[in-house]
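J.: Below is the file run_27.cif, which contains mmCIF, C-alpha atoms.
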data_coords
#
loop_
_atom_site.label_atom_id
_atom_site.label_comp_id
_atom_site.auth_asym_id
_atom_site.auth_seq_id
_atom_site.Cartn_x
_atom_site.Cartn_y
_atom_site.Cartn_z
CA MET A 1 63.12 85.52 63.14
CA THR A 2 60.14 87.79 62.70
CA HIS A 3 59.84 90.80 64.92
CA PRO A 4 57.94 89.91 68.09
CA SER A 5 54.32 90.98 68.08
CA VAL A 6 50.94 89.95 69.41
CA ILE A 7 49.71 86.64 68.03
CA ARG A 8 46.05 85.65 67.92
CA PRO A 9 46.57 81.90 67.56
CA ALA A 10 43.21 81.08 65.97
CA ASP A 11 44.00 83.45 63.07
CA HIS A 12 46.85 81.13 62.08
CA ALA A 13 45.03 77.80 62.27
CA THR A 14 45.37 75.64 59.18
CA TYR A 15 43.03 72.70 58.77
CA ALA A 16 43.66 69.98 56.21
CA ALA A 17 41.21 67.49 54.75
CA ASN A 18 43.47 64.45 54.97
CA LYS A 19 45.28 64.84 58.31
CA MET A 20 45.91 67.08 61.31
CA GLY A 21 47.01 70.58 60.26
CA LYS A 22 50.27 71.85 61.76
CA VAL A 23 51.52 75.44 62.02
CA THR A 24 54.59 76.82 63.78
CA LEU A 25 54.03 80.15 65.56
CA PHE A 26 57.51 80.49 67.10
CA GLU A 27 60.63 78.36 67.09
CA SER A 28 64.03 78.60 68.72
CA PRO A 29 66.44 75.90 69.90
CA ARG A 30 64.73 76.12 73.31
CA LEU A 31 61.09 76.19 72.37
CA LEU A 32 58.56 75.41 69.66
CA VAL A 33 55.09 76.98 69.84
CA GLY A 34 52.66 75.58 67.30
CA LEU A 35 49.08 74.75 66.48
CA ASN A 36 47.56 71.34 65.91
CA ALA A 37 44.24 71.64 64.06
CA PHE A 38 41.90 68.65 63.87
CA GLU A 39 38.84 68.23 61.72
CA PRO A 40 36.23 65.86 63.20
CA GLY A 41 37.58 62.31 63.08
CA GLN A 42 41.24 63.30 62.75
CA GLU A 43 43.85 62.24 65.26
CA HIS A 44 47.50 62.48 66.19
CA ALA A 45 48.59 58.95 66.95
CA LEU A 46 50.18 58.03 70.26
CA HIS A 47 53.87 58.95 70.32
CA ALA A 48 56.55 60.11 72.75
CA HIS A 49 59.45 62.54 72.71
CA ALA A 50 62.71 61.59 74.40
CA GLY A 51 64.07 64.59 76.29
CA GLN A 52 61.24 66.96 75.36
CA ASP A 53 58.24 68.08 77.38
CA LYS A 54 55.03 69.00 75.61
CA VAL A 55 52.21 71.27 76.78
CA TYR A 56 48.79 70.98 75.16
CA HIS A 57 46.38 73.86 75.60
CA VAL A 58 42.94 73.49 74.03
CA LEU A 59 41.95 76.72 72.28
CA GLU A 60 38.72 75.71 70.50
CA GLY A 61 36.46 72.67 70.60
CA ASP A 62 37.02 69.53 72.59
CA GLY A 63 38.56 66.11 72.12
CA LEU A 64 40.07 63.04 73.67
CA PHE A 65 43.68 63.28 74.81
CA LEU A 66 45.68 60.13 75.36
CA LEU A 67 48.34 60.23 78.02
CA ASP A 68 50.20 57.27 79.39
CA GLY A 69 47.28 54.87 79.22
CA GLN A 70 44.67 57.44 80.21
CA GLU A 71 41.95 58.88 77.95
CA LEU A 72 41.22 62.42 79.05
CA ARG A 73 38.33 64.53 77.77
CA MET A 74 39.56 68.09 77.29
CA THR A 75 37.71 71.22 76.27
CA ALA A 76 38.62 74.83 75.47
CA GLY A 77 40.83 76.29 78.20
CA ASP A 78 42.13 72.95 79.48
CA LEU A 79 45.84 72.29 79.67
CA LEU A 80 47.80 69.04 79.80
CA VAL A 81 51.51 68.34 80.13
CA ALA A 82 53.12 65.29 78.54
CA PRO A 83 56.52 65.09 80.24
CA GLU A 84 59.43 63.71 78.24
CA GLY A 85 59.09 60.04 77.38
CA VAL A 86 55.39 59.82 78.26
CA PRO A 87 53.29 58.56 75.33
CA HIS A 88 50.57 60.99 74.25
CA GLY A 89 48.16 61.59 71.40
CA VAL A 90 44.98 63.41 70.45
CA ARG A 91 41.71 62.20 68.91
CA ASN A 92 38.99 64.54 67.74
CA ASN A 93 36.04 62.25 68.25
CA GLY A 94 33.53 65.10 68.38
CA HIS A 95 31.49 66.87 65.71
CA GLY A 96 33.36 70.19 65.58
CA ARG A 97 36.89 71.34 64.90
CA LEU A 98 39.50 71.03 67.63
CA LEU A 99 42.32 73.57 67.86
CA VAL A 100 45.21 72.92 70.22
CA LEU A 101 48.24 75.03 71.11
CA ALA A 102 51.24 72.72 71.43
CA VAL A 103 54.46 73.85 73.12
CA LEU A 104 57.56 71.67 72.92
CA ALA A 105 60.69 72.31 75.00
CA PRO A 106 63.32 72.04 73.80
CA ALA A 107 62.37 72.31 70.12
CA PRO A 108 62.89 69.25 67.93
CA ALA A 109 66.32 69.08 66.36
CA PRO A 110 66.36 70.21 62.72
CA ALA A 111 65.80 67.34 60.32
CA HIS A 112 68.99 66.17 58.59
CA ALA A 113 68.99 65.92 54.83
CA MET B 114 56.30 65.16 90.12
CA THR B 115 52.56 64.86 90.35
CA HIS B 116 50.78 62.44 88.08
CA PRO B 117 49.87 64.13 84.81
CA SER B 118 46.26 65.19 84.58
CA VAL B 119 44.02 67.83 83.06
CA ILE B 120 44.69 71.31 84.43
CA ARG B 121 42.15 74.12 84.36
CA PRO B 122 44.57 77.00 84.80
CA ALA B 123 42.09 79.53 86.20
CA ASP B 124 41.30 77.16 89.09
CA HIS B 125 44.88 77.60 90.29
CA ALA B 126 45.14 81.39 90.04
CA THR B 127 46.41 83.08 93.20
CA TYR B 128 46.00 86.82 93.50
CA ALA B 129 47.86 88.81 96.15
CA ALA B 130 47.03 92.25 97.51
CA ASN B 131 50.58 93.60 97.48
CA LYS B 132 52.09 92.24 94.25
CA MET B 133 51.60 89.96 91.26
CA GLY B 134 50.57 86.44 92.32
CA LYS B 135 52.71 83.57 90.99
CA VAL B 136 51.87 79.88 90.75
CA THR B 137 53.81 77.03 89.16
CA LEU B 138 51.66 74.47 87.29
CA PHE B 139 54.50 72.31 85.95
CA GLU B 140 58.26 72.42 86.18
CA SER B 141 61.08 70.36 84.75
CA PRO B 142 64.64 71.31 83.78
CA ARG B 143 63.29 71.99 80.27
CA LEU B 144 60.14 73.91 80.98
CA LEU B 145 58.26 75.97 83.55
CA VAL B 146 54.53 76.52 83.13
CA GLY B 147 53.07 79.04 85.54
CA LEU B 148 50.45 81.68 86.14
CA ASN B 149 50.98 85.39 86.69
CA ALA B 150 47.91 86.96 88.33
CA PHE B 151 47.53 90.73 88.43
CA GLU B 152 45.05 92.79 90.40
CA PRO B 153 44.23 96.14 88.80
CA GLY B 154 47.26 98.42 89.05
CA GLN B 155 49.79 95.63 89.59
CA GLU B 156 52.72 95.07 87.28
CA HIS B 157 55.72 92.88 86.56
CA ALA B 158 58.58 95.26 85.93
CA LEU B 159 60.60 95.12 82.76
CA HIS B 160 63.22 92.34 82.91
CA ALA B 161 65.00 89.91 80.61
CA HIS B 162 66.14 86.29 80.78
CA ALA B 163 69.49 85.30 79.32
CA GLY B 164 69.13 82.02 77.46
CA GLN B 165 65.41 81.56 78.16
CA ASP B 166 62.40 82.20 75.94
CA LYS B 167 59.10 83.17 77.51
CA VAL B 168 55.59 82.75 76.12
CA TYR B 169 52.77 84.87 77.54
CA HIS B 170 49.22 83.73 76.89
CA VAL B 171 46.43 85.92 78.27
CA LEU B 172 43.75 83.77 79.90
CA GLU B 173 41.49 86.38 81.49
CA GLY B 174 41.23 90.16 81.30
CA ASP B 175 43.50 92.48 79.40
CA GLY B 176 46.59 94.55 80.03
CA LEU B 177 49.63 96.27 78.64
CA PHE B 178 52.60 94.12 77.69
CA LEU B 179 56.01 95.69 77.33
CA LEU B 180 58.36 94.12 74.84
CA ASP B 181 61.59 95.58 73.64
CA GLY B 182 60.41 99.20 73.67
CA GLN B 183 56.90 98.41 72.46
CA GLU B 184 53.71 98.71 74.53
CA LEU B 185 51.25 96.10 73.34
CA ARG B 186 47.62 95.89 74.41
CA MET B 187 46.70 92.24 74.90
CA THR B 188 43.39 90.61 75.74
CA ALA B 189 42.17 87.09 76.54
CA GLY B 190 43.41 84.63 73.92
CA ASP B 191 46.38 86.72 72.79
CA LEU B 192 49.86 85.27 72.82
CA LEU B 193 53.26 86.95 72.88
CA VAL B 194 56.79 85.53 72.80
CA ALA B 195 59.68 87.27 74.53
CA PRO B 196 62.76 85.58 73.04
CA GLU B 197 65.84 85.22 75.25
CA GLY B 198 67.46 88.52 76.13
CA VAL B 199 64.52 90.67 75.03
CA PRO B 200 63.25 92.91 77.87
CA HIS B 201 59.60 92.35 78.73
CA GLY B 202 57.07 93.18 81.41
CA VAL B 203 53.36 93.39 82.15
CA ARG B 204 51.17 96.17 83.51
CA ASN B 205 47.53 95.68 84.46
CA ASN B 206 46.32 99.20 83.80
CA GLY B 207 42.68 98.17 83.48
CA HIS B 208 39.88 97.80 85.99
CA GLY B 209 39.64 94.02 86.16
CA ARG B 210 41.94 91.16 87.05
CA LEU B 211 44.48 89.97 84.50
CA LEU B 212 45.49 86.30 84.39
CA VAL B 213 48.42 85.24 82.22
CA LEU B 214 49.88 81.83 81.49
CA ALA B 215 53.67 82.14 81.38
CA VAL B 216 55.87 79.43 79.88
CA LEU B 217 59.64 79.61 80.29
CA ALA B 218 62.05 77.35 78.40
CA PRO B 219 64.35 76.18 79.77
CA ALA B 220 63.17 76.53 83.36
CA PRO B 221 65.12 78.88 85.64
CA ALA B 222 68.00 77.18 87.43
CA PRO B 223 67.19 76.27 91.04
CA ALA B 224 68.14 79.04 93.48
CA HIS B 225 71.33 78.30 95.43
CA ALA B 226 71.20 78.56 99.20
#
Could you render the structure from this file as structure tokens?

T.:
Amino acid sequence: MTHPSVIRPADHATYAANKMGKVTLFESPRLLVGLNAFEPGQEHALHAHAGQDKVYHVLEGDGLFLLDGQELRMTAGDLLVAPEGVPHGVRNNGHGRLLVLAVLAPAPAPAHA
Amino acid sequence: MTHPSVIRPADHATYAANKMGKVTLFESPRLLVGLNAFEPGQEHALHAHAGQDKVYHVLEGDGLFLLDGQELRMTAGDLLVAPEGVPHGVRNNGHGRLLVLAVLAPAPAPAHA
């Protein structure tokens, strides 16, 4: 792994024209720290993780977070936990970019070839 | 556990006159999300966690973060990962309050009576 140092998350944000941008800031078997970057109109469809908790922390902008049947308006600084098995998603239905820190514990298992 | 909802971390900060204030925002076997709140001059002494990664995210103020022999100045928005086994600590050597989101994965084992 890279040597630990101070991370300014917004410096690592990657936006993509066709879908949510994803960046990994740190990963171990225990933990994945990443960024989800949404252009206006982009979304991360409702999904759930068996055996993994996710923390969303809004860094820039605002958007609609889906959690277990709720639609929650979140803005910069807000935090939301999707405990394991609870369906969640994100929809940037605003006019600006939405940048979200996403922490998953434990990290997803490596994909098998 | 409580029903999932939007958390504004700063609303939950607890400062204490005699030592760092600690609050738990979410806890499961996989993950602990909490706040460390430092008055000027307070610190969290250097320590390490075997088998647990910690993420520090500065929410308000600035301070000195100790990581594996380094002293890193961090300010609001900055993020730092202390991987398992790596000694880390925090020192609020400034003039204002320092509020830090701390994520531990997996969560500490429950204390035994």

J.: Quick one: apply the PyMOL selection byres ((chain A and resi 84) around 9) to the file and drop the selected residues here as a compact mmCIF listing (two decimals) with C-alpha atoms, in the coordinates of the input.

T.:
# COMPACT_ATOMS: atom_id res chain seq x y z
CA ALA A 48 56.55 60.11 72.75
CA HIS A 49 59.45 62.54 72.71
CA ALA A 50 62.71 61.59 74.40
CA GLY A 51 64.07 64.59 76.29
CA GLN A 52 61.24 66.96 75.36
CA ASP A 53 58.24 68.08 77.38
CA LYS A 54 55.03 69.00 75.61
CA ALA A 82 53.12 65.29 78.54
CA PRO A 83 56.52 65.09 80.24
CA GLY A 85 59.09 60.04 77.38
CA VAL A 86 55.39 59.82 78.26
CA PRO A 87 53.29 58.56 75.33

J.: Near Arg8 of chain A, counting only C-alpha atoms, which residues have an atom at most 10 Å away, once you skip same-chain residues fewer than 2 positions from it, shown as a list in words?

T.: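 After dropping sequence-adjacent residues, the list is Ser5, Val6, Ala10, Asp11, His12, Ala13 and Leu25 of chain A; His170, Met187, Thr188, Ala189, Gly190, Asp191, Leu192 and Leu193 of chain B.
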
J.: Starting from the PyMOL selection byres ((chain B and resi 186) around 6), expand the selection into actual residues of this file and give them as a ChimeraX atom specification.

T.: /B:176-177,185,187

J.: To one decimal place, how far is atom CA of Leu98 of chain A from atom CA of Asn18 of chain A in Å?

T.: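 Atom CA of Leu98 of chain A sits 14.8 Å away from atom CA of Asn18 of chain A.
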
J.: At a cut-off of 8 Å around the point (51.7, 80.9, 93.6) (file coordinates), what residues fall inside when counting all atoms listed in the file? I'd like the answer as a ChimeraX atom specification.

T.: /B:126-127,134-137,148

J.: For the residues in that selection, give me C-alpha atoms as an mmCIF file, in the coordinates of the input.

T.:
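selection_36.cif was written with the following content:
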data_model
loop_
_atom_site.group_PDB
_atom_site.id
_atom_site.type_symbol
_atom_site.label_atom_id
_atom_site.label_comp_id
_atom_site.auth_asym_id
_atom_site.auth_seq_id
_atom_site.Cartn_x
_atom_site.Cartn_y
_atom_site.Cartn_z
ATOM 1 C CA ALA B 126 45.140 81.390 90.040
ATOM 2 C CA THR B 127 46.410 83.080 93.200
ATOM 3 C CA GLY B 134 50.570 86.440 92.320
ATOM 4 C CA LYS B 135 52.710 83.570 90.990
ATOM 5 C CA VAL B 136 51.870 79.880 90.750
ATOM 6 C CA THR B 137 53.810 77.030 89.160
ATOM 7 C CA LEU B 148 50.450 81.680 86.140
#

J.: Take the point (66.4, 73.2, 72.7) as written in the file and pick out every residue within 7 Å of it, counting only C-alpha atoms; give the list as a list in words.

T.: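 Applying the cut-off with only C-alpha atoms, one gets Pro29, Arg30, Leu31, Ala105, Pro106 and Ala107 of chain A.
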
J.: For this structure, which residues satisfy the selection - the PyMOL selection byres ((chain A and resi 37) around 10) - when it is evaluated on the file as given? I want them as a count of residues only.

T.: 27

J.: Please, what distance in Å, to one decimal, runs between atom CA of Val33 of chain A and atom CA of Val168 of chain B?

T.: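 Distance reported for this atom pair: 8.5 Å.
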
J.: Mind pulling up the distance from atom CA of Ala215 of chain B to atom CA of Tyr56 of chain A?

T.: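 Between these atoms lies a distance of 13.7 Å.
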
J.: Measuring atom to atom with all atoms listed in the file, identify which of B:Gly174, B:Val194, B:His160, B:Ala130 is nearest to chain A.

T.: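 Closest to chain A of all the choices is B:Val194.
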
J.: Give me the box for segment 18-36 of chain A as lines of an AutoDock Vina configuration file, namely the centre and edge lengths in Å to one decimal of a box along x, y and z that holds every listed atom plus 6 Å on each side.

T.:
center_x = 55.0
center_y = 72.5
center_z = 64.1
size_x = 35.0
size_y = 28.0
size_z = 30.3
